[in-house]
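With CSV, C-alpha atoms inside, this is coords.csv:
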chain,number,residue,atom,x,y,z
A,1,MET,CA,1.0,21.1,-42.4
A,2,THR,CA,1.9,21.2,-38.7
A,3,LYS,CA,5.2,19.6,-37.7
A,4,LYS,CA,6.6,18.1,-34.5
A,5,GLY,CA,8.5,20.7,-32.6
A,6,GLU,CA,6.5,23.7,-33.7
A,7,MET,CA,5.4,26.4,-31.2
A,8,LEU,CA,2.1,27.9,-32.1
A,9,TYR,CA,-0.7,30.1,-30.9
A,10,ALA,CA,-4.1,28.4,-31.5
A,11,TRP,CA,-7.7,29.4,-31.2
A,12,THR,CA,-11.1,28.0,-32.3
A,13,ASN,CA,-13.5,29.3,-35.0
A,14,ASP,CA,-16.4,27.4,-33.4
A,15,ALA,CA,-18.8,29.9,-32.0
A,16,GLU,CA,-20.3,27.6,-29.5
A,17,ILE,CA,-16.9,26.6,-28.1
A,18,GLN,CA,-15.9,30.3,-27.9
A,19,LYS,CA,-18.8,31.0,-25.6
A,20,LYS,CA,-17.7,28.4,-23.0
A,21,ALA,CA,-13.9,27.9,-23.4
A,22,GLU,CA,-11.0,29.8,-22.0
A,23,LEU,CA,-7.8,30.9,-23.8
A,24,GLY,CA,-9.3,30.6,-27.3
A,25,GLY,CA,-10.8,27.1,-26.8
A,26,ALA,CA,-8.1,25.3,-28.7
A,27,VAL,CA,-8.1,22.1,-26.6
A,28,THR,CA,-11.9,21.7,-26.8
A,29,ALA,CA,-11.8,22.3,-30.5
A,30,LEU,CA,-9.1,19.7,-31.0
A,31,TRP,CA,-11.2,17.1,-29.1
A,32,LYS,CA,-14.3,18.1,-31.1
A,33,TYR,CA,-12.4,17.4,-34.3
A,34,ALA,CA,-11.0,14.1,-32.9
A,35,LEU,CA,-14.5,12.9,-32.0
A,36,ASP,CA,-16.2,14.0,-35.1
A,37,SER,CA,-13.5,12.6,-37.3
A,38,LYS,CA,-13.5,9.2,-35.4
A,39,ILE,CA,-9.8,9.7,-34.6
A,40,VAL,CA,-10.9,8.7,-31.0
A,41,ASP,CA,-13.8,6.8,-29.8
A,42,ALA,CA,-14.1,8.8,-26.6
A,43,VAL,CA,-12.6,11.7,-24.7
A,44,LEU,CA,-11.8,11.3,-21.0
A,45,ALA,CA,-12.0,14.7,-19.3
A,46,VAL,CA,-12.8,16.4,-16.0
A,47,THR,CA,-15.8,18.6,-15.3
A,48,LYS,CA,-17.3,20.4,-12.4
A,49,GLY,CA,-19.2,18.3,-10.0
A,50,VAL,CA,-21.5,19.6,-7.3
A,51,ASP,CA,-19.5,22.8,-7.0
A,52,LEU,CA,-16.2,24.6,-7.9
A,53,TYR,CA,-14.4,22.4,-5.4
A,54,ASP,CA,-15.5,19.1,-6.8
A,55,ALA,CA,-14.1,17.6,-10.0
A,56,LYS,CA,-15.5,14.5,-11.6
A,57,PRO,CA,-14.3,12.4,-14.6
A,58,VAL,CA,-16.5,12.2,-17.6
A,59,ILE,CA,-16.4,10.1,-20.8
A,60,ILE,CA,-17.5,12.1,-23.8
A,61,THR,CA,-18.6,10.3,-27.0
A,62,ASP,CA,-20.7,13.1,-28.5
A,63,SER,CA,-18.8,16.3,-29.3
A,64,LYS,CA,-21.8,18.4,-28.3
A,65,ASP,CA,-21.1,17.5,-24.7
A,66,LEU,CA,-17.5,18.8,-24.7
A,67,ALA,CA,-18.4,22.4,-23.7
A,68,ARG,CA,-19.1,21.3,-20.1
A,69,THR,CA,-15.4,20.2,-19.8
A,70,ALA,CA,-14.0,23.5,-20.9
A,71,GLY,CA,-11.9,25.6,-18.5
A,72,SER,CA,-9.7,24.6,-15.6
A,73,LEU,CA,-10.4,23.3,-12.1
A,74,HIS,CA,-7.4,23.9,-9.8
A,75,CYS,CA,-9.3,22.5,-6.9
A,76,GLY,CA,-9.9,19.2,-8.7
A,77,THR,CA,-7.2,16.7,-7.7
A,78,LEU,CA,-8.1,13.6,-9.8
A,79,LEU,CA,-5.6,11.4,-11.5
A,80,LEU,CA,-6.9,9.8,-14.7
A,81,PRO,CA,-4.6,6.9,-15.9
A,82,LYS,CA,-5.9,4.3,-13.5
A,83,LEU,CA,-9.5,5.1,-14.5
A,84,VAL,CA,-8.5,4.1,-18.1
A,85,LYS,CA,-7.1,0.8,-16.8
A,86,LYS,CA,-9.9,0.0,-14.5
A,87,TYR,CA,-13.0,1.1,-16.4
A,88,LEU,CA,-11.9,1.4,-20.1
A,89,ASP,CA,-9.9,-1.9,-20.3
A,90,GLY,CA,-6.6,0.0,-20.5
A,91,ALA,CA,-7.6,1.3,-24.0
A,92,GLN,CA,-6.9,-2.1,-25.4
A,93,ASP,CA,-9.5,-1.9,-28.2
A,94,LYS,CA,-10.7,1.7,-28.1
A,95,LYS,CA,-8.9,4.9,-28.9
A,96,ILE,CA,-9.2,7.4,-26.0
A,97,GLY,CA,-8.3,11.1,-26.0
A,98,VAL,CA,-7.3,12.4,-22.6
A,99,THR,CA,-6.5,15.9,-21.3
A,100,VAL,CA,-3.6,15.5,-18.9
A,101,LYS,CA,-1.5,17.4,-16.5
A,102,GLY,CA,2.1,16.3,-15.8
A,103,CYS,CA,1.3,13.6,-13.2
A,104,ASP,CA,-1.5,12.2,-15.3
A,105,MET,CA,1.0,11.8,-18.2
A,106,MET,CA,3.6,10.2,-16.0
A,107,GLY,CA,1.0,7.8,-14.7
A,108,PHE,CA,0.0,6.7,-18.2
A,109,TYR,CA,3.7,5.9,-19.0
A,110,GLU,CA,4.2,3.9,-15.9
A,111,LEU,CA,1.0,1.9,-16.4
A,112,ALA,CA,1.9,1.4,-20.1
A,113,LYS,CA,5.4,0.0,-19.4
A,114,ARG,CA,3.6,-2.5,-17.1
A,115,LYS,CA,1.4,-3.5,-20.0
A,116,GLN,CA,-1.7,-2.2,-18.2
A,117,ILE,CA,-2.5,0.5,-20.8
A,118,ASN,CA,-2.1,0.5,-24.5
A,119,LEU,CA,-0.4,3.8,-25.1
A,120,ASP,CA,-0.8,3.4,-28.9
A,121,ASN,CA,-4.5,3.9,-28.4
A,122,ILE,CA,-4.1,7.0,-26.2
A,123,ILE,CA,-3.9,10.6,-27.5
A,124,MET,CA,-2.8,13.0,-24.8
A,125,ILE,CA,-3.2,16.8,-24.8
A,126,GLY,CA,-1.2,18.0,-22.0
A,127,VAL,CA,-1.9,21.3,-20.1
A,128,ASN,CA,0.7,23.3,-18.2
A,129,CYS,CA,0.2,22.9,-14.5
A,130,GLY,CA,1.4,25.1,-11.7
A,131,GLY,CA,-0.3,22.9,-9.1
A,132,SER,CA,-3.7,22.1,-7.7
A,133,VAL,CA,-5.3,22.9,-4.3
A,134,SER,CA,-7.0,20.4,-2.1
A,135,PRO,CA,-10.8,21.2,-2.0
A,136,VAL,CA,-10.9,21.3,1.8
A,137,ILE,CA,-7.8,23.6,2.0
A,138,ALA,CA,-9.3,25.8,-0.8
A,139,ARG,CA,-12.5,26.4,1.1
A,140,LYS,CA,-10.7,27.3,4.3
A,141,MET,CA,-8.2,29.5,2.4
A,142,ILE,CA,-10.8,31.5,0.6
A,143,ALA,CA,-12.8,32.0,3.9
A,144,GLU,CA,-9.8,32.9,6.1
A,145,LYS,CA,-7.3,34.6,3.7
A,146,TYR,CA,-9.7,36.2,1.2
A,147,GLY,CA,-12.6,36.9,3.6
A,148,VAL,CA,-15.0,35.6,1.0
A,149,ASP,CA,-17.7,33.0,1.4
A,150,PRO,CA,-16.5,30.0,-0.6
A,151,GLU,CA,-20.0,29.3,-1.8
A,152,LYS,CA,-20.1,32.7,-3.6
A,153,VAL,CA,-16.9,32.0,-5.7
A,154,HIS,CA,-17.8,31.1,-9.3
A,155,LYS,CA,-14.3,31.0,-10.8
A,156,GLU,CA,-10.7,30.4,-9.8
A,157,GLU,CA,-7.4,30.4,-11.6
A,158,ILE,CA,-3.6,30.5,-10.9
A,159,ASP,CA,-2.0,33.2,-13.0
A,160,LYS,CA,1.2,35.2,-12.8
A,161,GLY,CA,2.0,33.7,-9.4
A,162,GLN,CA,-1.4,34.5,-7.9
A,163,PHE,CA,-4.4,32.4,-6.9
A,164,ILE,CA,-7.3,34.5,-8.2
A,165,ILE,CA,-10.9,34.1,-7.4
A,166,GLU,CA,-14.0,35.7,-8.9
A,167,TYR,CA,-17.1,35.9,-6.8
A,168,GLU,CA,-20.4,37.8,-6.4
A,169,GLY,CA,-19.3,41.4,-6.1
A,170,GLY,CA,-15.7,41.3,-7.3
A,171,HIS,CA,-12.4,39.4,-7.7
A,172,LYS,CA,-9.3,39.1,-5.7
A,173,GLY,CA,-5.8,37.6,-6.1
A,174,ILE,CA,-3.2,36.7,-3.5
A,175,SER,CA,0.4,35.6,-4.1
A,176,VAL,CA,0.8,31.8,-4.1
A,177,ASP,CA,4.0,32.3,-2.1
A,178,GLU,CA,2.2,34.3,0.6
A,179,LEU,CA,-0.6,31.7,0.7
A,180,GLU,CA,1.9,28.8,1.1
A,181,GLU,CA,3.9,30.6,3.7
A,182,ALA,CA,0.7,30.8,5.7
A,183,GLY,CA,0.1,27.0,5.3
A,184,TYR,CA,-2.4,27.3,2.4
A,185,GLY,CA,-2.0,27.1,-1.3
A,186,ARG,CA,-1.0,24.2,-3.5
A,187,ARG,CA,-0.8,20.5,-2.4
A,188,SER,CA,2.6,19.6,-1.1
A,189,ASN,CA,3.3,17.2,-3.9
A,190,CYS,CA,2.5,20.0,-6.4
A,191,ARG,CA,5.0,22.3,-4.8
A,192,ARG,CA,7.7,19.7,-5.2
A,193,CYS,CA,6.8,18.9,-8.8
A,194,LYS,CA,9.3,19.6,-11.6
A,195,LEU,CA,7.2,18.7,-14.6
A,196,LYS,CA,5.2,21.8,-15.4
A,197,ILE,CA,5.0,21.5,-19.2
A,198,PRO,CA,4.0,17.9,-20.1
A,199,ARG,CA,6.1,17.6,-23.3
A,200,GLN,CA,5.8,13.8,-23.3
A,201,ALA,CA,2.1,14.2,-24.2
A,202,ASP,CA,1.3,14.6,-27.9
A,203,LEU,CA,0.6,18.3,-27.4
A,204,ALA,CA,1.6,20.6,-24.6
A,205,CYS,CA,-0.9,23.5,-24.1
A,206,GLY,CA,-1.3,26.5,-21.8
A,207,ASN,CA,-1.3,30.2,-21.5
A,208,TRP,CA,2.3,30.8,-20.6
A,209,GLY,CA,3.9,32.8,-23.4
A,210,VAL,CA,0.7,34.1,-25.1
A,211,ILE,CA,1.3,37.8,-25.5
A,212,GLY,CA,0.2,40.8,-27.6
A,213,ASP,CA,-3.3,40.8,-29.2
A,214,LYS,CA,-3.6,37.1,-28.6
A,215,ALA,CA,-3.2,37.3,-24.8
A,216,GLY,CA,-6.3,35.6,-23.2
A,217,LYS,CA,-7.7,34.8,-26.6
A,218,ALA,CA,-5.4,31.9,-27.7
A,219,THR,CA,-3.6,28.9,-26.4
A,220,PHE,CA,0.1,28.3,-26.6
A,221,VAL,CA,0.6,24.9,-28.3
A,222,GLU,CA,3.9,23.0,-28.4
A,223,VAL,CA,3.7,20.1,-30.9
A,224,CYS,CA,5.4,17.1,-29.2
A,225,SER,CA,4.7,14.1,-31.4
A,226,GLU,CA,3.6,13.0,-34.8
A,227,LYS,CA,0.2,12.1,-33.4
A,228,GLY,CA,-0.1,15.6,-32.0
A,229,ALA,CA,1.0,17.1,-35.3
A,230,ASN,CA,-1.6,15.1,-37.3
A,231,LEU,CA,-4.3,16.2,-34.8
A,232,MET,CA,-3.4,19.8,-35.3
A,233,THR,CA,-3.2,19.5,-39.1
A,234,GLY,CA,-6.6,17.9,-39.3
A,235,ALA,CA,-8.3,20.4,-37.1
A,236,ILE,CA,-6.8,23.3,-39.1
A,237,LYS,CA,-7.9,21.7,-42.5
A,238,GLN,CA,-11.4,21.3,-41.2
A,239,GLY,CA,-11.5,25.0,-40.3
A,240,ILE,CA,-12.3,24.5,-36.6
A,241,LEU,CA,-8.8,25.7,-35.5
A,242,GLU,CA,-6.6,28.6,-36.6
A,243,THR,CA,-3.0,29.1,-35.7
A,244,ALA,CA,-0.1,31.5,-35.9
A,245,PRO,CA,3.6,31.2,-35.0
A,246,ALA,CA,4.3,31.9,-31.4
A,247,ASN,CA,5.8,35.3,-30.7
A,248,PRO,CA,9.6,35.0,-30.1
A,249,LYS,CA,9.2,37.2,-27.0
A,250,GLY,CA,6.4,34.9,-25.9
A,251,LEU,CA,8.8,31.9,-26.1
A,252,GLU,CA,11.2,33.7,-23.8
A,253,ILE,CA,8.5,34.5,-21.3
A,254,ARG,CA,7.2,30.9,-21.4
A,255,ALA,CA,10.8,29.6,-20.7
A,256,LYS,CA,11.2,32.1,-17.8
A,257,VAL,CA,7.9,31.0,-16.2
A,258,GLU,CA,8.8,27.4,-16.5
A,259,GLY,CA,12.3,28.1,-15.1
A,260,ALA,CA,10.8,30.0,-12.1
A,261,MET,CA,8.4,27.1,-11.4
A,262,LEU,CA,11.3,24.6,-11.5
A,263,LYS,CA,13.3,26.6,-9.1
A,264,LEU,CA,10.3,26.8,-6.8
A,265,GLY,CA,10.1,23.0,-7.0
A,266,ASP,CA,13.7,22.7,-5.9
A,267,LYS,CA,13.0,25.0,-3.0
A,268,TRP,CA,10.2,22.9,-1.7
A,269,ARG,CA,12.0,19.7,-2.2
A,270,LYS,CA,14.9,21.0,-0.1
A,271,HIS,CA,12.4,22.3,2.5
A,272,ASP,CA,10.4,19.0,2.7
A,273,PHE,CA,13.2,16.5,2.4
A,274,GLU,CA,15.5,18.2,4.9
A,275,ALA,CA,12.7,18.3,7.4
A,276,LEU,CA,12.5,14.5,7.2
A,277,GLY,CA,16.1,14.2,8.3
A,278,GLU,CA,18.4,11.4,7.2
A,279,GLY,CA,19.1,7.7,8.0
A,280,LYS,CA,17.6,6.5,11.3
A,281,ASP,CA,16.1,9.9,12.0
A,282,ARG,CA,14.1,9.7,8.8
A,283,LEU,CA,13.1,6.1,9.5
A,284,LYS,CA,11.8,7.1,13.0
A,285,LYS,CA,9.7,9.9,11.6
A,286,ILE,CA,8.2,7.7,8.9
A,287,MET,CA,7.5,4.9,11.4
A,288,ALA,CA,5.9,7.4,13.8
A,289,GLU,CA,3.6,8.9,11.1
A,290,THR,CA,2.6,5.6,9.5
A,291,ALA,CA,1.7,4.2,13.0
A,292,ARG,CA,-1.7,5.9,12.4
A,293,CYS,CA,-2.4,3.6,9.4
A,294,ILE,CA,-5.7,1.7,9.6
A,295,LYS,CA,-4.9,-0.4,6.5
A,296,CYS,CA,-7.9,0.8,4.5
A,297,TYR,CA,-6.0,0.3,1.2
A,298,GLY,CA,-7.1,3.7,-0.1
A,299,CYS,CA,-3.5,4.5,-1.0
A,300,ILE,CA,-3.1,1.3,-3.0
A,301,ASP,CA,-6.4,1.7,-4.8
A,302,VAL,CA,-5.6,5.1,-6.2
A,303,CYS,CA,-1.8,4.7,-6.8
A,304,PRO,CA,-1.1,4.5,-10.6
A,305,ILE,CA,1.9,2.2,-9.9
A,306,CYS,CA,-0.1,-0.4,-7.9
A,307,TYR,CA,-1.8,-2.8,-10.3
A,308,CYS,CA,-1.1,-6.3,-9.1
A,309,VAL,CA,-4.0,-8.8,-9.0
A,310,GLU,CA,-2.7,-10.2,-5.7
A,311,CYS,CA,-1.1,-7.6,-3.6
A,312,THR,CA,1.8,-8.7,-1.4
A,313,THR,CA,0.5,-6.5,1.5
A,314,LYS,CA,-2.5,-9.0,1.7
A,315,ASN,CA,-0.2,-12.0,2.1
A,316,PRO,CA,-0.7,-13.0,5.8
A,317,SER,CA,2.9,-14.4,5.9
A,318,MET,CA,4.2,-10.9,5.1
A,319,VAL,CA,1.6,-8.6,6.9
A,320,PRO,CA,-0.4,-10.2,9.8
A,321,PRO,CA,-4.1,-9.6,9.3
A,322,GLY,CA,-6.4,-8.0,11.9
A,323,GLU,CA,-3.6,-6.1,13.7
A,324,LEU,CA,-3.6,-2.4,14.6
A,325,PRO,CA,-1.3,-0.6,14.5
A,326,VAL,CA,-0.5,-2.3,11.2
A,327,SER,CA,2.9,-4.0,10.8
A,328,PHE,CA,5.4,-1.6,9.4
A,329,MET,CA,6.1,-4.3,6.8
A,330,PHE,CA,2.9,-3.1,5.1
A,331,HIS,CA,4.7,0.2,4.3
A,332,LEU,CA,8.0,-1.3,3.6
A,333,ILE,CA,6.4,-3.5,0.9
A,334,ARG,CA,4.9,-0.4,-0.7
A,335,TYR,CA,8.1,1.5,-0.6
A,336,ALA,CA,10.1,-1.3,-2.1
A,337,HIS,CA,7.5,-1.8,-4.8
A,338,ILE,CA,7.0,1.8,-5.8
A,339,ALA,CA,9.9,4.0,-4.7
A,340,ASP,CA,11.7,3.8,-8.0
A,341,SER,CA,8.6,4.6,-10.0
A,342,CYS,CA,6.6,7.1,-7.8
A,343,VAL,CA,5.4,10.0,-10.0
A,344,ASN,CA,4.6,12.3,-7.1
A,345,CYS,CA,0.9,12.6,-8.0
A,346,GLY,CA,-0.1,12.9,-4.4
A,347,GLN,CA,-3.1,10.6,-4.6
A,348,CYS,CA,-2.0,8.4,-1.7
A,349,GLU,CA,-1.8,11.4,0.6
A,350,GLU,CA,-5.0,12.9,-0.8
A,351,VAL,CA,-7.2,10.0,0.2
A,352,CYS,CA,-5.5,8.9,3.4
A,353,PRO,CA,-8.1,9.2,6.3
A,354,ALA,CA,-5.3,9.2,8.8
A,355,GLU,CA,-3.6,12.2,7.1
A,356,ILE,CA,-0.3,10.4,6.7
A,357,PRO,CA,2.0,12.3,4.3
A,358,ASN,CA,2.4,9.2,2.1
A,359,ALA,CA,3.4,11.2,-1.0
A,360,LEU,CA,6.2,12.9,0.9
A,361,PHE,CA,7.7,9.6,2.0
A,362,MET,CA,7.4,8.0,-1.5
A,363,HIS,CA,8.7,11.0,-3.3
A,364,ALA,CA,11.7,11.4,-1.0
A,365,GLN,CA,12.8,7.8,-1.7
A,366,GLN,CA,12.2,8.1,-5.4
A,367,VAL,CA,14.4,11.2,-5.6
A,368,GLU,CA,17.2,9.4,-3.7
A,369,LEU,CA,17.1,6.5,-6.2
A,370,GLU,CA,17.0,9.0,-9.1
A,371,LYS,CA,20.2,10.6,-7.8
A,372,MET,CA,21.8,7.2,-7.5
A,373,PHE,CA,20.8,5.6,-10.8
A,374,GLY,CA,19.6,8.4,-13.0
A,375,HIS,CA,16.2,6.8,-13.6
A,376,VAL,CA,13.4,9.3,-14.0
A,377,PRO,CA,9.9,7.6,-13.8
A,378,GLY,CA,7.0,8.5,-16.0
A,379,VAL,CA,8.8,10.3,-18.8
A,380,ASN,CA,9.4,7.4,-21.3
A,381,MET,CA,9.0,3.7,-21.6
A,382,GLU,CA,12.3,2.8,-19.9
A,383,LEU,CA,11.7,0.1,-17.4
A,384,PRO,CA,11.8,0.9,-13.6
A,385,LEU,CA,15.0,-0.1,-11.7
A,386,LEU,CA,13.5,-3.1,-10.0
A,387,ALA,CA,12.5,-4.7,-13.3
A,388,PHE,CA,16.2,-5.2,-14.1
A,389,ALA,CA,16.6,-7.5,-11.1
A,390,GLU,CA,13.9,-9.9,-12.2
A,391,GLU,CA,14.6,-13.2,-13.8
A,392,ARG,CA,13.2,-13.5,-17.3
A,393,THR,CA,10.8,-16.2,-16.3
A,394,GLU,CA,9.5,-14.1,-13.4
A,395,ARG,CA,9.0,-11.1,-15.7
A,396,ASP,CA,7.0,-13.3,-18.1
A,397,ARG,CA,4.9,-14.5,-15.3
A,398,LEU,CA,4.2,-11.0,-14.1
A,399,HIS,CA,3.3,-10.0,-17.6
A,400,ASN,CA,0.9,-12.9,-18.1
A,401,THR,CA,-0.8,-12.9,-14.7
A,402,GLY,CA,-0.6,-9.4,-13.3
A,403,SER,CA,0.5,-10.9,-10.0
A,404,ASP,CA,3.5,-9.9,-7.9
A,405,MET,CA,3.4,-12.8,-5.5
A,406,ILE,CA,7.1,-13.7,-6.0
A,407,PHE,CA,7.3,-15.3,-2.6
A,408,GLU,CA,4.0,-17.2,-2.6
A,409,ASN,CA,5.6,-20.6,-2.6
A,410,VAL,CA,8.3,-19.7,0.0
A,411,PHE,CA,5.7,-18.5,2.5
A,412,LYS,CA,3.1,-21.2,2.1
A,413,PRO,CA,2.0,-22.7,5.5
A,414,LEU,CA,3.9,-25.9,6.3
A,415,GLY,CA,2.1,-29.0,5.2
A,416,LYS,CA,0.0,-27.3,2.5
A,417,LYS,CA,0.6,-27.8,-1.2
What is this structure when it is put down as structure tokens?
Amino acid sequence: MTKKGEMLYAWTNDAEIQKKAELGGAVTALWKYALDSKIVDAVLAVTKGVDLYDAKPVIITDSKDLARTAGSLHCGTLLLPKLVKKYLDGAQDKKIGVTVKGCDMMGFYELAKRKQINLDNIIMIGVNCGGSVSPVIARKMIAEKYGVDPEKVHKEEIDKGQFIIEYEGGHKGISVDELEEAGYGRRSNCRRCKLKIPRQADLACGNWGVIGDKAGKATFVEVCSEKGANLMTGAIKQGILETAPANPKGLEIRAKVEGAMLKLGDKWRKHDFEALGEGKDRLKKIMAETARCIKCYGCIDVCPICYCVECTTKNPSMVPPGELPVSFMFHLIRYAHIADSCVNCGQCEEVCPAEIPNALFMHAQQVELEKMFGHVPGVNMELPLLAFAEERTERDRLHNTGSDMIFENVFKPLGKK
């Protein structure tokens, strides 16, 4: 019987999964078992869209369809938690399995503590994440740095500090450090990320630390919860999954890889945050950058922290409508609402048509609050800082209505009831 805390190598015995999957196919095999055994009603995963640079979310209810979700897409930059809230009723009455990277996992926790997702009905298999690459940057990078037609690339991966592509006629890898020094490589929020192994998921999986005869043929699995342990135990008993204790040397290697990634995260935080300046200098830079905002609401639509039925930014008493450039109050409201809970997923920056570095501004403020109060968002069910400032009645109202219009009565036009 598998137990919480175990470190294992795992691989599938399913011949069909072996044909499609990478690293032994353990994750795909686990989801097949979960679906076939009715442990989950559906699996939310990511698959290739029109090409290698396009990722799309899919709901799988038949385990025969799982093979198309096997493998990784480092140029897919989706975030999944808000999709569960918006399209799957927050998993209120269905059990959903989800493959998550670190920022997905943090988004699930933040929405769950706001009562927008029922975490009891979610099973998360986390995958180690060294970062993702924006599709537009990826195409440009492959053409200019690799000298390869992006259309001819049929596979990409990040391994041993390199971004590696396979294409018609060969394969090529370039150091991620070299790419990023040249202005390519991972998204800026990914560079700053310090959650590389999502241990708050039920299982944390990846290839870091798989050595010896299992290298490239098995998945490293860290069992992080009782739900994860039960999932592993069932799949092993059914015969779809085999495991072996992780090699002690592999454990050391995995820890070293994680440590190196965390140090790299510190390096990029220092680089990005120092460039913002402090105090009034930082404020001036943020105001100058956000002056391009056209108030399309794309950042709010994708943010896993924004969930309110009535958004304060749409209150004409707070943000005058029909004005460009938009009032800076629009951004101040967002900063005040989200800064203590930003999970640095980068979605607000990814979708911004004005190319405003929203994620940088949000993350910089979140880190400052983390230093002051010790609150780390997205890793447990501890309430965000601002929640402690609410009156009990206001918190109950928010819970019941999903509205954050705290000032709606104060700012009503005079003479109206």
*Taking (-0.7, 20.7, -9.2) in the file's coordinates, which residues come within 9 Å, counting all atoms listed in the file, written as a PyMOL selection string?*
chain A and resi 74+77+101-103+129-133+186-191+193+196+345
*Nearby residues (all atoms listed in the file) at most 6 Å from Ala91 (chain A), same-chain spacing under 3 positions excluded, as a list in words*: Leu88, Lys94, Asn118 and Asn121 of chain A
*Selection as an MDAnalysis selection string: residues within 10 Å of (-10.6, 25.6, -38.6), counting all atoms listed in the file*: chainID A and resid 11:14 29:30 33 232:243
*asked:* Using all atoms listed in the file for the distances, tell me which of A:Arg192, A:Lys285, A:Lys214, A:His331 is nearest to Arg269 (chain A).
replied: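 Among the listed residues, A:Arg192 lies closest to Arg269 (chain A).
In this model, the gap between CA of Asn400 (chain A) and CA of Ala42 (chain A) comes to 27.7 Å.
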*Rounded to one decimal place, report the CA of Ala336 (chain A)-CA of Arg199 (chain A) distance in Å.*
28.7 Å
Expected axis-aligned box over every listed atom of region 207-216 of chain A, 3 Å added per side, centre plus edges in Å to one decimal, as JSON:
{"center_x": -1.2, "center_y": 35.5, "center_z": -24.9, "size_x": 16.2, "size_y": 16.6, "size_z": 14.6}
*Might you pull out every residue within 10 Å of region 149-163 of chain A, with all atoms listed in the file counted and same-chain residues fewer than 5 positions away left off, and present them as a ChimeraX atom specification?*
/A:51-53,71-75,129-133,138-144,168-179,185-186,207-208,257,260-261
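Using all atoms listed in the file, the nearest neighbour of Arg334 (chain A) within the list A:Pro248, A:Cys299, A:Pro353, A:Gln347 is A:Cys299.
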*For region 104-113 of chain A, work out the shell of residues within 8 Å, counting all atoms listed in the file and skipping chain neighbours fewer than 5 positions away, then give it as a PyMOL selection string.*
chain A and resi 79-82+118-119+124+126+198+200-201+304-305+341+343+345+377-383
*CA of Ile333 (chain A) to CA of Lys194 (chain A): how many Å, to one decimal?*
26.4 Å
_Neighbour list for Ile338 (chain A) as a PyMOL selection string, cut-off 12 Å, all atoms listed in the file, skip fewer than 4 positions in-chain_ = chain A and resi 110+299-300+303-308+331-334+342-344+348+358-359+361-367+369+377+384-387
_Test item: residues at most 7 Å from Val98 (chain A), all atoms listed in the file, excluding those fewer than 4 positions along its chain, as a PyMOL selection string_ = chain A and resi 43-45+123-125
Write the residues of the preceding selection, restricted to C-alpha atoms, as an mmCIF file, in the coordinates of the input.
data_model
loop_
_atom_site.group_PDB
_atom_site.id
_atom_site.type_symbol
_atom_site.label_atom_id
_atom_site.label_comp_id
_atom_site.auth_asym_id
_atom_site.auth_seq_id
_atom_site.Cartn_x
_atom_site.Cartn_y
_atom_site.Cartn_z
ATOM 1 C CA VAL A 43 -12.600 11.700 -24.700
ATOM 2 C CA LEU A 44 -11.800 11.300 -21.000
ATOM 3 C CA ALA A 45 -12.000 14.700 -19.300
ATOM 4 C CA ILE A 123 -3.900 10.600 -27.500
ATOM 5 C CA MET A 124 -2.800 13.000 -24.800
ATOM 6 C CA ILE A 125 -3.200 16.800 -24.800
#
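The shortest atom-to-atom distance to Cys224 (chain A), with all atoms listed in the file taken into account, belongs to A:Lys4 out of A:Arg254, A:Lys270, A:Lys314, A:Lys4.
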